[in-house]
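Peer 1: Encoded as structure tokens, here's the structure I'll be asking about.
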Amino acid sequence: MADSKMAERGARAGRGAQTLVIPRNAAEEQRLKLERLMRHPEKQVSIAEKPKEWAPRPPPEFVRDVMGSSAGAGSGEFHVYRHLRRREYMREEFMEKQAIQHRLDEEFQRKVNQNKRAAEERTDKRRKKRQKLKEKKILAKKVKQEQNKDIDGSETSSNGEEEVEVEVPEEKADDSEAPSFIMGGR
């Protein structure tokens with residue numbers, strides 16, 4: 001009878017027994033975890049939520065036990081005072097950290113907006129430059145077509161009209177066309 005119980009345990013252990021694999025690096029460990037998850041794809045996976053940030057209790061609205069500074073206070077009062085003082089210091093420290101974090105967030109947002117504005121300005125400047133070049137090409141093409149028409153028309157008609165040269169207005173160089181590469185986000 002004892003042998004049959006041992007055989008059952010061995011059979012159960014044999015079914016569920018898996019070889020122990022020790023991962024050598026982080027990638028192998030992640031691969032093993034994924035394989036274990038994918039063995040049962042229908043099983044729900046619980047994803048741990050980010051723990052909430054600690055926040056102190058707000059100060060009480062109404063203080064019932066106001067401590068006096070009179071001599072002869074009980075020996076237990078000091079510990080109560082120490083606890084209240086420690087809690088107040090933690091609350092003040094928390095508020096200071098929040099103010100610093102808020103200031104850093106505002107500074108970051110201001111810098112992001114400044115970078116976006118600078119990028120938009122560069123984009124607009126380059127867009128205008130491309131547009132000017134495009135217009136110049138179109139104008140040159142029209143002038144060339146007109147000249148070809150005039151040359152073809154003057155050979156056939158030869159009515160003595162002089163050819164009129166159309167000058168392409170030259171764009172004056174823009175002194176502010178310096179490279180707009182911004183190093184360090186400034």
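By order in the structure tokens, chains are A, B, ...; within a chain, residues start at 1; ligands start at 1, following the order shown.
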Residues within 10 Å of A:Met90, please, as a PyMOL selection string. Count only C-alpha atoms; anything in the same chain fewer than 5 positions from it doesn't count.
Peer 2: chain A and resi 55-56+84-85+95-96
Peer 1: Check the smallest atom-to-atom distance from each of A:Arg122, A:His102, A:Arg91, A:His40 to A:Trp54 using only C-alpha atoms, then report the winner.
Peer 2: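 Of A:Arg122, A:His102, A:Arg91, A:His40, the one nearest A:Trp54 is A:Arg91, counting only C-alpha atoms.
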Peer 1: What is the distance, in Å and to one decimal place, between atom CA of A:His79 and atom CA of A:Phe62?
Peer 2: 20.5 Å
Peer 1: Provide the atom CA of A:Arg87 to atom CA of A:Arg57 distance in Å, to one decimal place.
Peer 2: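 Taking atom CA of A:Arg87 as the start and atom CA of A:Arg57 as the end point, the length is 8.7 Å.
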Peer 1: Going by DSSP on the backbone, which bits of stretch 51-165 of chain A are alpha helix (DSSP H)? Write them as number ranges by chain, please.
Peer 2: A: 77-157
Peer 1: Print the selection's residues with C-alpha atoms to a file, as a PDB file, in the first residue's frame.
Peer 2:
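As a result, again-v4.pdb now contains:
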```pdb
ATOM      1  CA  GLU A  77       3.252  64.462  27.022  1.00  0.00           C
ATOM      2  CA  PHE A  78       6.766  64.798  25.638  1.00  0.00           C
ATOM      3  CA  HIS A  79       6.317  61.760  23.405  1.00  0.00           C
ATOM      4  CA  VAL A  80       3.005  63.105  22.090  1.00  0.00           C
ATOM      5  CA  TYR A  81       4.671  66.455  21.369  1.00  0.00           C
ATOM      6  CA  ARG A  82       7.634  64.757  19.686  1.00  0.00           C
ATOM      7  CA  HIS A  83       5.294  62.723  17.475  1.00  0.00           C
ATOM      8  CA  LEU A  84       3.280  65.804  16.435  1.00  0.00           C
ATOM      9  CA  ARG A  85       6.459  67.760  15.734  1.00  0.00           C
ATOM     10  CA  ARG A  86       7.895  64.919  13.618  1.00  0.00           C
ATOM     11  CA  ARG A  87       4.654  64.660  11.628  1.00  0.00           C
ATOM     12  CA  GLU A  88       4.605  68.428  11.013  1.00  0.00           C
ATOM     13  CA  TYR A  89       8.234  68.401   9.831  1.00  0.00           C
ATOM     14  CA  MET A  90       7.441  65.545   7.427  1.00  0.00           C
ATOM     15  CA  ARG A  91       4.449  67.485   6.107  1.00  0.00           C
ATOM     16  CA  GLU A  92       6.567  70.616   5.543  1.00  0.00           C
ATOM     17  CA  GLU A  93       9.279  68.578   3.803  1.00  0.00           C
ATOM     18  CA  PHE A  94       6.651  66.980   1.564  1.00  0.00           C
ATOM     19  CA  MET A  95       5.241  70.399   0.621  1.00  0.00           C
ATOM     20  CA  GLU A  96       8.752  71.700  -0.182  1.00  0.00           C
ATOM     21  CA  LYS A  97       9.453  68.678  -2.416  1.00  0.00           C
ATOM     22  CA  GLN A  98       6.122  69.229  -4.180  1.00  0.00           C
ATOM     23  CA  ALA A  99       6.968  72.904  -4.769  1.00  0.00           C
ATOM     24  CA  ILE A 100      10.387  71.975  -6.195  1.00  0.00           C
ATOM     25  CA  GLN A 101       8.823  69.345  -8.445  1.00  0.00           C
ATOM     26  CA  HIS A 102       6.169  71.811  -9.606  1.00  0.00           C
ATOM     27  CA  ARG A 103       8.834  74.417 -10.405  1.00  0.00           C
ATOM     28  CA  LEU A 104      10.899  71.845 -12.336  1.00  0.00           C
ATOM     29  CA  ASP A 105       7.812  70.762 -14.308  1.00  0.00           C
ATOM     30  CA  GLU A 106       7.004  74.371 -15.221  1.00  0.00           C
ATOM     31  CA  GLU A 107      10.611  74.978 -16.259  1.00  0.00           C
ATOM     32  CA  PHE A 108      10.568  71.840 -18.407  1.00  0.00           C
ATOM     33  CA  GLN A 109       7.305  72.861 -20.094  1.00  0.00           C
ATOM     34  CA  ARG A 110       8.668  76.346 -20.739  1.00  0.00           C
ATOM     35  CA  LYS A 111      11.804  74.865 -22.337  1.00  0.00           C
ATOM     36  CA  VAL A 112       9.722  72.452 -24.464  1.00  0.00           C
ATOM     37  CA  ASN A 113       7.539  75.345 -25.669  1.00  0.00           C
ATOM     38  CA  GLN A 114      10.621  77.435 -26.411  1.00  0.00           C
ATOM     39  CA  ASN A 115      12.149  74.577 -28.441  1.00  0.00           C
ATOM     40  CA  LYS A 116       8.875  74.110 -30.352  1.00  0.00           C
ATOM     41  CA  ARG A 117       8.727  77.818 -31.122  1.00  0.00           C
ATOM     42  CA  ALA A 118      12.356  77.809 -32.347  1.00  0.00           C
ATOM     43  CA  ALA A 119      11.669  74.739 -34.501  1.00  0.00           C
ATOM     44  CA  GLU A 120       8.580  76.407 -36.000  1.00  0.00           C
ATOM     45  CA  GLU A 121      10.582  79.533 -36.792  1.00  0.00           C
ATOM     46  CA  ARG A 122      13.272  77.481 -38.522  1.00  0.00           C
ATOM     47  CA  THR A 123      10.627  75.548 -40.437  1.00  0.00           C
ATOM     48  CA  ASP A 124       8.883  78.761 -41.555  1.00  0.00           C
ATOM     49  CA  LYS A 125      12.171  80.304 -42.643  1.00  0.00           C
ATOM     50  CA  ARG A 126      13.099  77.232 -44.678  1.00  0.00           C
ATOM     51  CA  ARG A 127       9.590  76.986 -46.126  1.00  0.00           C
ATOM     52  CA  LYS A 128       9.816  80.606 -47.328  1.00  0.00           C
ATOM     53  CA  LYS A 129      13.218  79.919 -48.850  1.00  0.00           C
ATOM     54  CA  ARG A 130      11.895  76.854 -50.689  1.00  0.00           C
ATOM     55  CA  GLN A 131       8.890  78.852 -51.888  1.00  0.00           C
ATOM     56  CA  LYS A 132      11.150  81.626 -53.229  1.00  0.00           C
ATOM     57  CA  LEU A 133      13.272  79.107 -55.112  1.00  0.00           C
ATOM     58  CA  LYS A 134      10.162  77.474 -56.533  1.00  0.00           C
ATOM     59  CA  GLU A 135       8.752  80.820 -57.685  1.00  0.00           C
ATOM     60  CA  LYS A 136      12.108  81.764 -59.191  1.00  0.00           C
ATOM     61  CA  LYS A 137      12.207  78.504 -61.166  1.00  0.00           C
ATOM     62  CA  ILE A 138       8.642  79.009 -62.406  1.00  0.00           C
ATOM     63  CA  LEU A 139       9.406  82.603 -63.418  1.00  0.00           C
ATOM     64  CA  ALA A 140      12.604  81.548 -65.222  1.00  0.00           C
ATOM     65  CA  LYS A 141      10.660  78.831 -67.038  1.00  0.00           C
ATOM     66  CA  LYS A 142       8.002  81.359 -68.164  1.00  0.00           C
ATOM     67  CA  VAL A 143      10.671  83.791 -69.350  1.00  0.00           C
ATOM     68  CA  LYS A 144      12.392  81.041 -71.294  1.00  0.00           C
ATOM     69  CA  GLN A 145       9.097  80.007 -72.931  1.00  0.00           C
ATOM     70  CA  GLU A 146       8.346  83.626 -73.863  1.00  0.00           C
ATOM     71  CA  GLN A 147      11.814  84.021 -75.345  1.00  0.00           C
ATOM     72  CA  ASN A 148      11.337  80.829 -77.373  1.00  0.00           C
ATOM     73  CA  LYS A 149       7.969  82.121 -78.620  1.00  0.00           C
ATOM     74  CA  ASP A 150       9.502  85.488 -79.516  1.00  0.00           C
ATOM     75  CA  ILE A 151      12.365  83.839 -81.402  1.00  0.00           C
ATOM     76  CA  ASP A 152      10.006  81.515 -83.275  1.00  0.00           C
ATOM     77  CA  GLY A 153       7.546  84.364 -83.951  1.00  0.00           C
ATOM     78  CA  SER A 154      10.215  86.839 -85.157  1.00  0.00           C
ATOM     79  CA  GLU A 155      11.634  84.425 -87.729  1.00  0.00           C
ATOM     80  CA  THR A 156       8.255  83.805 -89.325  1.00  0.00           C
ATOM     81  CA  SER A 157       6.736  87.283 -89.092  1.00  0.00           C
TER      82      SER A 157
END
```
